[in-house]
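**Q** Quick one, data38.cif (mmCIF, C-alpha atoms):
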```cif
data_start
loop_
_atom_site.label_atom_id
_atom_site.label_comp_id
_atom_site.auth_asym_id
_atom_site.auth_seq_id
_atom_site.Cartn_x
_atom_site.Cartn_y
_atom_site.Cartn_z
CA MET A 1 -11.21 320.63 118.68
CA HIS A 2 -9.07 323.57 119.50
CA ILE A 3 -10.79 326.09 121.72
CA LEU A 4 -9.72 329.67 121.82
CA CYS A 5 -11.08 331.43 124.84
CA HIS A 6 -10.68 335.12 125.55
CA LEU A 7 -12.00 336.41 128.78
CA HIS A 8 -12.84 340.08 128.92
CA SER A 9 -13.82 341.51 132.28
CA GLN A 10 -15.90 344.63 132.32
CA LYS A 11 -16.28 346.78 135.36
CA ARG A 12 -19.97 347.44 134.81
CA GLY A 13 -21.66 345.19 137.30
CA GLY A 14 -18.82 342.68 137.10
CA VAL A 15 -20.30 340.89 134.11
CA LEU A 16 -17.91 338.75 132.14
CA LEU A 17 -18.22 338.57 128.43
CA LEU A 18 -16.73 335.67 126.58
CA SER A 19 -15.78 335.39 123.01
CA LEU A 20 -15.27 331.84 121.90
CA ASP A 21 -14.21 329.96 118.88
CA ARG A 22 -17.00 329.12 116.43
CA GLN A 23 -16.56 325.40 116.99
CA LEU A 24 -17.95 325.56 120.52
CA SER A 25 -21.51 324.42 120.88
CA ALA A 26 -24.13 326.60 122.51
CA THR A 27 -24.33 324.33 125.57
CA LYS A 28 -20.61 324.50 126.20
CA ARG A 29 -20.74 328.22 125.77
CA ARG A 30 -23.43 328.44 128.43
CA ARG A 31 -21.39 326.25 130.77
CA TRP A 32 -18.30 328.45 130.36
CA LYS A 33 -20.36 331.53 131.07
CA MET A 34 -21.80 330.14 134.29
CA ALA A 35 -18.45 328.87 135.51
CA SER A 36 -16.55 332.03 134.75
CA SER A 37 -19.13 334.39 136.21
CA SER A 38 -19.11 332.50 139.54
CA ASN A 39 -15.30 331.83 139.74
CA SER A 40 -13.16 334.19 137.75
CA PRO A 41 -9.68 332.82 137.09
CA CYS A 42 -6.82 334.24 139.10
CA ALA A 43 -4.31 336.59 137.52
CA ALA A 44 -1.78 333.77 137.18
CA CYS A 45 -4.09 331.44 135.29
CA LYS A 46 -5.26 334.34 133.11
CA PHE A 47 -1.65 335.13 132.27
CA LEU A 48 -0.76 331.49 131.66
CA ARG A 49 -3.99 330.98 129.70
CA ARG A 50 -5.11 327.94 131.57
CA LYS A 51 -8.13 326.90 133.53
CA CYS A 52 -8.03 328.08 137.12
CA GLN A 53 -8.55 324.99 139.25
CA PRO A 54 -10.22 325.24 142.66
CA GLU A 55 -6.98 324.13 144.29
CA CYS A 56 -4.85 326.59 142.29
CA VAL A 57 -1.87 327.56 144.44
CA PHE A 58 -1.73 331.07 142.98
CA ALA A 59 -5.40 332.00 143.35
CA PRO A 60 -5.36 333.30 146.95
CA TYR A 61 -2.34 335.53 146.33
CA PHE A 62 -2.79 336.77 142.76
CA PRO A 63 -6.31 338.17 142.49
CA PRO A 64 -7.63 338.88 138.99
CA ASP A 65 -7.65 342.64 139.55
CA GLN A 66 -3.84 342.74 139.91
CA PRO A 67 -2.48 341.29 136.69
CA GLN A 68 0.75 343.26 136.86
CA LYS A 69 1.76 341.59 140.12
CA PHE A 70 1.91 338.11 138.62
CA SER A 71 3.37 339.39 135.38
CA ASN A 72 6.32 340.92 137.24
CA VAL A 73 6.86 337.86 139.41
CA HIS A 74 6.71 335.58 136.38
CA LYS A 75 9.25 337.67 134.48
CA VAL A 76 11.79 337.55 137.28
CA PHE A 77 11.21 334.22 139.00
CA GLY A 78 9.05 332.13 136.71
CA ALA A 79 5.76 330.42 137.55
CA SER A 80 7.27 327.00 138.19
CA ASN A 81 9.86 328.36 140.64
CA VAL A 82 7.16 330.29 142.48
CA THR A 83 5.02 327.13 142.66
CA LYS A 84 7.91 325.12 144.10
CA LEU A 85 8.69 327.87 146.60
CA LEU A 86 5.08 328.17 147.77
CA ASN A 87 4.68 324.42 148.06
CA GLU A 88 7.67 324.27 150.39
CA LEU A 89 6.16 326.83 152.76
CA HIS A 90 3.44 326.58 155.34
CA PRO A 91 0.15 328.12 154.09
CA SER A 92 0.37 330.83 156.76
CA GLN A 93 3.70 332.02 155.34
CA ARG A 94 2.73 332.02 151.70
CA GLU A 95 1.10 335.44 151.58
CA ASP A 96 4.18 337.11 153.02
CA ALA A 97 6.40 335.17 150.65
CA VAL A 98 4.33 336.20 147.62
CA ASN A 99 4.34 339.83 148.62
CA SER A 100 8.09 339.81 149.17
CA LEU A 101 8.57 338.13 145.78
CA ALA A 102 6.36 340.78 144.17
CA TYR A 103 8.44 343.50 145.82
CA GLU A 104 11.72 341.97 144.67
CA ALA A 105 10.39 341.50 141.16
CA ASP A 106 9.22 345.10 141.05
CA MET A 107 12.63 346.33 142.23
CA ARG A 108 14.40 344.17 139.69
CA LEU A 109 12.28 345.50 136.85
CA ARG A 110 12.89 349.09 137.91
CA ASP A 111 16.63 348.51 138.27
CA PRO A 112 17.63 345.61 136.02
CA VAL A 113 21.26 345.72 137.18
CA TYR A 114 21.04 345.85 140.97
CA GLY A 115 17.39 345.28 141.91
CA CYS A 116 16.87 344.92 145.66
CA VAL A 117 20.60 344.87 146.25
CA GLY A 118 20.71 348.54 145.24
CA VAL A 119 18.18 349.38 147.93
CA ILE A 120 20.15 347.38 150.51
CA SER A 121 23.36 349.13 149.53
CA LEU A 122 21.70 352.54 149.82
CA LEU A 123 20.26 351.77 153.26
CA GLN A 124 23.60 350.43 154.50
CA HIS A 125 25.28 353.64 153.37
CA GLN A 126 22.59 355.70 155.11
CA LEU A 127 23.03 353.68 158.29
CA ARG A 128 26.79 354.15 158.27
CA GLN A 129 26.35 357.92 157.84
CA LEU A 130 23.90 358.08 160.73
CA GLN A 131 26.20 356.05 162.95
CA MET A 132 29.06 358.42 162.20
CA ASP A 133 26.83 361.40 162.98
CA LEU A 134 25.81 359.75 166.24
CA SER A 135 29.37 359.13 167.31
CA CYS A 136 30.25 362.78 166.52
CA ALA A 137 27.25 363.96 168.52
CA LYS A 138 28.21 361.74 171.45
CA SER A 139 31.77 363.04 171.46
CA GLU A 140 30.44 366.60 171.42
CA LEU A 141 28.15 365.74 174.33
CA SER A 142 31.07 364.34 176.27
CA LYS A 143 32.81 367.75 175.93
CA TYR A 144 30.00 369.27 177.93
CA GLN A 145 30.47 366.58 180.54
CA ASN A 146 34.13 367.46 180.81
CA LEU A 147 33.24 371.14 181.23
CA GLY A 148 30.98 370.13 184.11
CA ILE A 149 27.87 371.87 182.77
CA THR A 150 24.77 370.66 184.52
CA GLY A 151 21.12 371.12 183.82
CA HIS A 152 17.74 370.32 185.26
CA ALA A 153 17.02 366.66 184.50
CA GLY A 154 13.38 367.37 183.75
CA LEU A 155 14.21 370.11 181.27
CA ILE A 156 16.63 367.95 179.37
CA ALA A 157 14.20 365.05 179.50
CA ALA A 158 11.47 367.21 177.99
CA ALA A 159 13.77 368.44 175.24
CA ALA A 160 14.98 364.92 174.45
CA ALA A 161 11.43 363.57 174.43
CA ALA A 162 10.32 366.35 172.11
CA ALA A 163 13.22 365.65 169.79
CA THR A 164 12.49 361.93 169.80
CA ALA A 165 8.81 362.59 169.13
CA THR A 166 9.73 364.81 166.20
CA ALA A 167 12.00 362.11 164.82
CA THR A 168 9.22 359.56 165.29
CA THR A 169 6.62 361.76 163.59
CA HIS A 170 9.00 362.36 160.73
CA HIS A 171 9.61 358.65 160.48
CA HIS A 172 5.88 357.95 160.53
CA HIS A 173 5.30 360.35 157.71
CA HIS A 174 7.50 358.25 155.47
CA HIS A 175 7.07 354.87 157.06
CA PRO A 176 3.66 354.37 158.67
CA GLN A 177 3.43 351.85 161.45
CA ASN A 178 3.56 348.19 160.71
CA LEU A 179 0.61 346.84 158.77
CA GLY A 180 1.94 343.35 158.38
CA ILE A 181 2.42 341.93 154.95
CA ASN A 182 -0.46 343.06 152.80
CA LEU A 183 0.37 344.38 149.40
CA ILE A 184 -2.18 347.03 148.64
CA GLY A 185 -1.54 347.72 145.00
CA ALA A 186 1.03 346.27 142.70
CA GLY A 187 -0.10 347.87 139.50
CA GLY A 188 0.00 351.54 138.65
CA GLY A 189 0.66 354.26 141.15
CA GLY A 190 3.56 356.67 141.37
CA GLY A 191 7.01 355.35 141.88
CA GLY A 192 7.68 357.15 145.14
CA GLY A 193 4.31 356.27 146.63
CA ARG A 194 4.71 352.66 145.75
CA ASP A 195 8.09 352.63 147.36
CA HIS A 196 6.63 353.87 150.61
CA HIS A 197 3.87 351.30 150.39
CA TYR A 198 6.37 348.52 150.03
CA HIS A 199 8.78 349.95 152.59
CA HIS A 200 6.40 350.09 155.52
CA GLN A 201 4.51 346.93 154.80
CA PHE A 202 7.30 344.52 155.44
CA PHE A 203 8.27 345.48 158.98
CA PRO A 204 7.89 342.47 161.26
CA ARG A 205 5.05 342.69 163.71
CA ASP A 206 7.20 343.11 166.86
CA GLN A 207 8.66 346.48 165.93
CA GLN A 208 10.52 348.01 168.82
CA GLN A 209 8.99 350.88 170.77
CA VAL A 210 9.97 354.26 169.43
CA MET A 211 9.47 356.48 172.44
CA ARG A 212 12.08 355.86 175.09
CA SER A 213 12.22 357.37 178.52
CA PHE A 214 15.00 359.83 179.05
CA ASP A 215 18.21 358.14 179.98
CA SER A 216 19.87 360.64 182.29
CA GLY A 217 22.78 358.40 183.19
CA ILE A 218 25.29 360.85 181.78
CA LEU A 219 24.03 363.85 183.69
CA ASP A 220 22.94 362.18 186.92
CA SER A 221 26.35 362.48 188.48
CA LEU A 222 26.33 366.24 187.95
CA VAL A 223 22.83 367.06 189.14
CA SER A 224 22.70 367.94 192.80
CA SER A 225 20.77 365.94 195.34
CA SER A 226 17.56 367.35 196.74
CA ASN A 227 19.18 367.99 200.14
CA GLN A 228 21.76 370.42 198.85
CA GLU A 229 20.48 373.97 198.79
CA PRO A 230 20.71 375.59 195.39
CA LEU A 231 23.13 378.45 195.22
CA LEU A 232 21.02 380.45 192.87
CA GLU A 233 17.85 380.43 190.87
CA MET A 234 17.82 381.72 187.39
CA THR A 235 15.23 381.84 184.67
CA ALA A 236 16.07 380.24 181.41
CA ALA A 237 13.69 382.06 179.09
CA PRO A 238 11.46 380.99 177.45
CA LEU A 239 11.64 377.70 179.34
CA THR A 240 10.63 376.88 182.89
CA PRO A 241 12.76 378.14 185.81
CA LEU A 242 15.95 376.27 186.25
CA ARG A 243 17.73 375.31 189.43
CA VAL A 244 21.44 375.26 189.12
CA SER A 245 23.78 373.83 191.67
CA LEU A 246 27.41 373.15 191.47
CA PRO A 247 28.96 369.93 192.59
CA GLN A 248 31.76 370.18 195.08
CA GLY A 249 35.08 371.04 193.60
CA SER A 250 33.63 372.57 190.47
CA THR A 251 35.91 374.82 188.52
CA LEU A 252 33.47 376.28 186.04
CA LYS A 253 34.62 379.87 185.72
CA GLY A 254 31.51 381.29 184.12
CA PHE A 255 29.26 380.25 186.94
CA THR A 256 31.67 381.42 189.60
CA ILE A 257 31.94 384.96 188.26
CA TRP A 258 28.22 385.31 187.88
CA ILE A 259 27.52 384.23 191.42
CA ILE A 260 29.99 386.76 192.83
CA ARG A 261 28.31 389.60 190.88
CA LYS A 262 24.88 388.69 192.13
CA LYS A 263 26.04 388.61 195.73
CA ASN A 264 27.52 392.12 195.45
CA SER A 265 24.28 393.62 194.14
CA MET B 266 44.40 312.86 109.67
CA ALA B 267 46.19 310.59 112.15
CA LEU B 268 44.48 309.61 115.40
CA VAL B 269 46.56 310.31 118.48
CA TYR B 270 45.64 308.69 121.77
CA LEU B 271 46.91 310.77 124.67
CA PRO B 272 45.77 311.48 128.26
CA LEU B 273 43.36 314.41 128.32
CA GLU B 274 45.61 316.75 130.28
CA ILE B 275 48.53 316.26 127.91
CA LEU B 276 46.26 316.67 124.94
CA ILE B 277 44.86 319.93 126.28
CA GLY B 278 48.30 321.27 127.06
CA PHE B 279 49.64 320.32 123.65
CA LEU B 280 46.78 321.87 121.76
CA LEU B 281 46.84 325.08 123.75
CA GLN B 282 50.51 325.49 122.97
CA GLU B 283 50.05 324.66 119.30
CA GLN B 284 46.84 326.64 118.85
CA GLU B 285 48.39 329.80 117.45
CA ARG B 286 50.72 327.89 115.12
CA LEU B 287 48.01 325.70 113.73
CA ARG B 288 45.57 328.51 113.31
CA GLU B 289 47.58 330.05 110.50
CA SER B 290 48.09 326.97 108.42
CA PHE B 291 45.32 324.63 109.46
CA GLU B 292 42.67 327.05 110.60
CA PHE B 293 39.57 324.86 110.40
CA PHE B 294 41.40 321.89 111.86
CA SER B 295 42.58 323.76 114.98
CA LEU B 296 39.24 325.44 115.48
CA ASP B 297 37.53 322.06 115.40
CA PHE B 298 39.88 320.82 118.08
CA VAL B 299 39.25 323.89 120.22
CA TYR B 300 35.52 323.42 119.82
CA ILE B 301 35.72 319.79 120.86
CA LEU B 302 37.91 320.63 123.84
CA ARG B 303 35.49 323.29 125.02
CA MET B 304 32.66 320.84 124.62
CA ILE B 305 34.43 318.29 126.76
CA SER B 306 36.04 320.38 129.46
CA GLY B 307 35.49 324.11 128.73
CA ARG B 308 31.81 324.38 129.47
CA CYS B 309 30.65 327.05 131.86
CA ALA B 310 28.89 326.08 135.07
CA ALA B 311 25.50 326.87 133.54
CA CYS B 312 25.93 324.64 130.52
CA LYS B 313 27.35 321.88 132.68
CA TYR B 314 24.34 322.12 134.97
CA LEU B 315 21.93 322.20 132.04
CA ARG B 316 23.87 319.40 130.31
CA ARG B 317 24.21 321.10 127.01
CA ARG B 318 27.03 322.26 124.80
CA CYS B 319 28.52 325.62 125.64
CA PRO B 320 28.57 327.84 122.56
CA SER B 321 31.32 330.37 122.02
CA ASP B 322 28.88 333.22 122.65
CA CYS B 323 27.25 331.64 125.71
CA ILE B 324 25.55 334.39 127.74
CA PHE B 325 26.34 332.65 131.03
CA SER B 326 29.99 331.71 130.59
CA PRO B 327 31.66 335.00 131.65
CA TYR B 328 29.61 335.19 134.85
CA PHE B 329 29.22 331.56 135.85
CA PRO B 330 32.65 329.97 135.52
CA SER B 331 33.00 326.23 135.71
CA ASN B 332 34.99 326.38 138.96
CA ASN B 333 31.92 327.58 140.89
CA PRO B 334 28.98 325.30 140.06
CA GLN B 335 27.10 326.19 143.23
CA ARG B 336 26.69 329.81 142.06
CA PHE B 337 24.63 328.90 139.01
CA ALA B 338 22.73 326.17 140.86
CA CYS B 339 21.59 328.71 143.46
CA VAL B 340 20.53 331.31 140.87
CA HIS B 341 18.78 328.71 138.73
CA ARG B 342 16.81 327.37 141.67
CA ILE B 343 15.35 330.80 142.42
CA HIS B 344 15.21 332.66 139.12
CA GLY B 345 15.49 330.00 136.45
CA ALA B 346 17.99 329.86 133.61
CA CYS B 347 15.65 331.37 131.01
CA ASN B 348 14.82 334.39 133.13
CA VAL B 349 18.49 334.95 133.97
CA ALA B 350 19.42 334.73 130.29
CA LYS B 351 16.68 337.21 129.34
CA MET B 352 17.71 339.62 132.09
CA LEU B 353 21.37 339.47 131.08
CA GLN B 354 20.54 339.84 127.38
CA GLN B 355 18.67 343.07 128.07
CA LEU B 356 21.81 344.74 129.40
CA PRO B 357 24.07 346.21 126.77
CA ALA B 358 27.46 346.26 128.48
CA GLU B 359 29.47 343.40 129.92
CA HIS B 360 30.29 345.14 133.18
CA LEU B 361 26.56 345.73 133.75
CA ARG B 362 25.87 342.07 133.11
CA ALA B 363 28.56 341.13 135.61
CA GLU B 364 26.98 343.36 138.24
CA ALA B 365 23.54 341.97 137.44
CA ALA B 366 24.81 338.39 137.74
CA ASN B 367 26.35 339.18 141.13
CA SER B 368 23.19 340.86 142.40
CA LEU B 369 21.04 337.96 141.16
CA TYR B 370 23.32 335.55 143.01
CA TYR B 371 23.09 337.64 146.18
CA GLU B 372 19.28 337.76 145.97
CA ALA B 373 19.13 334.02 145.34
CA GLN B 374 21.31 333.39 148.39
CA CYS B 375 19.10 335.60 150.55
CA ARG B 376 15.99 333.83 149.31
CA THR B 377 17.55 330.42 149.95
CA ARG B 378 18.43 331.40 153.53
CA ASP B 379 15.05 333.00 154.19
CA PRO B 380 12.42 331.52 151.84
CA VAL B 381 9.65 333.76 153.21
CA TYR B 382 11.18 337.24 153.14
CA GLY B 383 14.49 336.95 151.28
CA CYS B 384 16.10 340.33 150.60
CA VAL B 385 13.04 342.13 151.89
CA GLY B 386 13.81 340.89 155.40
CA ILE B 387 17.23 342.52 155.20
CA ILE B 388 15.69 345.78 153.97
CA SER B 389 13.18 345.70 156.83
CA SER B 390 15.92 345.09 159.38
CA LEU B 391 17.99 347.97 157.98
CA HIS B 392 14.99 350.30 158.21
CA GLN B 393 14.59 349.38 161.87
CA GLN B 394 18.26 350.01 162.60
CA ILE B 395 18.14 353.37 160.80
CA HIS B 396 15.10 354.39 162.79
CA SER B 397 16.78 353.41 166.05
CA VAL B 398 19.95 355.37 165.27
CA GLU B 399 17.90 358.40 164.14
CA SER B 400 16.09 358.40 167.50
CA GLN B 401 19.36 358.21 169.41
CA LEU B 402 20.83 361.00 167.30
CA ALA B 403 17.82 363.24 167.85
CA LYS B 404 18.01 362.65 171.60
CA THR B 405 21.74 363.37 171.72
CA LYS B 406 21.36 366.55 169.68
CA ALA B 407 18.58 367.72 171.99
CA GLU B 408 20.81 367.16 175.01
CA ILE B 409 23.60 369.11 173.31
CA ALA B 410 21.23 371.96 172.47
CA VAL B 411 20.06 372.27 176.07
CA LEU B 412 23.54 372.10 177.50
CA ASP B 413 24.75 374.59 174.92
CA SER B 414 22.04 377.05 175.92
CA LEU B 415 22.97 376.59 179.57
CA ALA B 416 26.61 377.24 178.78
CA GLN B 417 25.79 380.45 176.90
CA GLN B 418 23.44 381.94 179.48
CA PRO B 419 26.06 383.11 181.99
CA ALA B 420 27.98 384.75 179.13
CA GLN B 421 24.82 386.59 177.98
CA ILE B 422 24.01 387.87 181.47
CA GLN B 423 27.53 389.22 181.80
#
```
Translate this file's structure into structure tokens.
**A**
Amino acid sequence: MHILCHLHSQKRGGVLLLSLDRQLSATKRRRWKMASSSNSPCAACKFLRRKCQPECVFAPYFPPDQPQKFSNVHKVFGASNVTKLLNELHPSQREDAVNSLAYEADMRLRDPVYGCVGVISLLQHQLRQLQMDLSCAKSELSKYQNLGITGHAGLIAAAAAAATATATTHHHHHHPQNLGINLIGAGGGGGGGRDHHYHHQFFPRDQQQVMRSFDSGILDSLVSSSNQEPLLEMTAAPLTPLRVSLPQGSTLKGFTIWIIRKKNS
Amino acid sequence: MALVYLPLEILIGFLLQEQERLRESFEFFSLDFVYILRMISGRCAACKYLRRRCPSDCIFSPYFPSNNPQRFACVHRIHGACNVAKMLQQLPAEHLRAEAANSLYYEAQCRTRDPVYGCVGIISSLHQQIHSVESQLAKTKAEIAVLDSLAQQPAQIQ
């Protein structure tokens, strides 16, 4: 007896309606109804049109309200490959593995040629650009060292901390802090939003600290010791007052001229 | 038709040399020989792995040559031959299929090395590195801005 079973889930009160083949008896129909209303099949078993066993390997990771997730994974990897992969892993690792597979499958369906590799390539390019910018900035900073320009360590520390905080806030806006591996929604949603969801979810839990204390190693050698009396005080508006002192043997012309003028007045 | 018993290498060499000549006069004969040769020794890595004959329009053969069996084995283990064939069939141009085959192989390698995260682990690591470099860049630019303002102040007062 061939049984055709279509499960339709309705959101109203979570009641499942079944439409069965005429050959089913009334008792069997009642049994199906009881079983399905207590244990709805997972998205994988729904897709594969099979009975969802209690020990189904897919059930914990493919809930019935996310059919698109399994559909994508099945299109790219195949159910049997996913089963083999999950069976090789420890149960604690399976959720992360499923979510990473879902992400890869989603990327592959969006970009059938490059998939995740396109994202990796883009990020590598971005990293290279940033590293070049950083090396340019460091070489520019070293010019100031060569000129012998000094500054109050606290002032520079405050500016650097503010800049780092801004960079962190900006980063948080696009990539919220680590939430572990928990795929919130695989179906629907805008493309950009989904990207951000996926991007921040897969950071490992021991993400390095963003805020760093100011590393004044470069400028320490130029800042005077507390014993040496400052030659002059000047206000650096709109910031806090700044003490400037010159190290011995300094040849900074701008400072020298200014000091002479002040002494004359 | 006379049966000729020759070592395989000599037979292949002979038939490859004679292929063009035979094609004109004995077209079906030479094509049959070519077909048999391909069946014996010209199968792509995919068809060898799947133990089937390699048709002339095999979707895998341009991208999974027989000299690299490990490439198809890796991709098949992760994606499956059917899925790979469907994905390649969807792409219209050959160069796109080549790129897709390479990216599928790369993803399969990443997944084999790291069965939990695969490519996603690499993406996560790159995000972390980018964030770290961005922080350093912001800090360096802030230092430059402060020192630049200090350098300009004496000139302004003058």
**Q** When you get a sec, could you note down which chain B residues fall within 7 Å of chain A, using only C-alpha atoms, as an MDAnalysis selection string?
**A** chainID B and resid 343:345 348 361 364:365 368 381:382 384:385 388:389 391 395 398:400 402:409 411:412 416 419
**Q** Identify which of the residues B:Gln394, B:Pro272, B:Ser414, B:Cys323 lies closest to Ala310 in chain B, counting all atoms listed in the file when measuring atom-to-atom distances.
**A**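 Closest residue, counting all atoms listed in the file: B:Cys323.
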**Q** Please report the interatomic distance between CA of Pro327 in chain B and CA of Gly278 in chain B in Å with one decimal.
**A**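 CA of Gly278 in chain B lies 22.1 Å from CA of Pro327 in chain B.
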**Q** For a test of reading the model, state the distance in Å between CA of Cys312 in chain B and CA of Pro330 in chain B, rounded to one decimal.
**A**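 If I compute the distance from CA of Cys312 in chain B to CA of Pro330 in chain B, I get 9.9 Å.
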**Q** So that I can check the surroundings of Cys45 in chain A, please list as a tab-separated table (two decimals) with C-alpha atoms, in the frame of the given file every protein, DNA and RNA residue that reaches within 12 Å of it, counting all atoms listed in the file and ignoring chain neighbours fewer than 2 positions away.
**A**
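Written out: out-v3.tsv:
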```tsv
chain	number	residue	atom	x	y	z
A	7	LEU	CA	-12.00	336.41	128.78
A	40	SER	CA	-13.16	334.19	137.75
A	41	PRO	CA	-9.68	332.82	137.09
A	42	CYS	CA	-6.82	334.24	139.10
A	43	ALA	CA	-4.31	336.59	137.52
A	47	PHE	CA	-1.65	335.13	132.27
A	48	LEU	CA	-0.76	331.49	131.66
A	49	ARG	CA	-3.99	330.98	129.70
A	50	ARG	CA	-5.11	327.94	131.57
A	51	LYS	CA	-8.13	326.90	133.53
A	52	CYS	CA	-8.03	328.08	137.12
A	53	GLN	CA	-8.55	324.99	139.25
A	54	PRO	CA	-10.22	325.24	142.66
A	55	GLU	CA	-6.98	324.13	144.29
A	56	CYS	CA	-4.85	326.59	142.29
A	57	VAL	CA	-1.87	327.56	144.44
A	58	PHE	CA	-1.73	331.07	142.98
A	59	ALA	CA	-5.40	332.00	143.35
A	60	PRO	CA	-5.36	333.30	146.95
A	61	TYR	CA	-2.34	335.53	146.33
A	62	PHE	CA	-2.79	336.77	142.76
A	63	PRO	CA	-6.31	338.17	142.49
A	64	PRO	CA	-7.63	338.88	138.99
A	67	PRO	CA	-2.48	341.29	136.69
A	70	PHE	CA	1.91	338.11	138.62
A	71	SER	CA	3.37	339.39	135.38
A	74	HIS	CA	6.71	335.58	136.38
A	79	ALA	CA	5.76	330.42	137.55
```
**Q** What is the CA of His341 in chain B to CA of Leu369 in chain B distance in Å?
**A**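 The value is 9.8 Å.
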**Q** Under the PyMOL selection byres ((chain B and resi 328) around 9), which residues of this model are included? Write them out as a ChimeraX atom specification.
**A** /B:309,324-327,329-330,362-363,366-367
**Q** Identify the residues around (17.8, 338.1, 152.8) within a radius of 6 Å, measuring from all atoms listed in the file in the coordinates stated by the file, and give them as a list of chain:residue names.
**A** B:Cys375, B:Arg376, B:Asp379, B:Gly383, B:Cys384, B:Gly386, B:Ile387
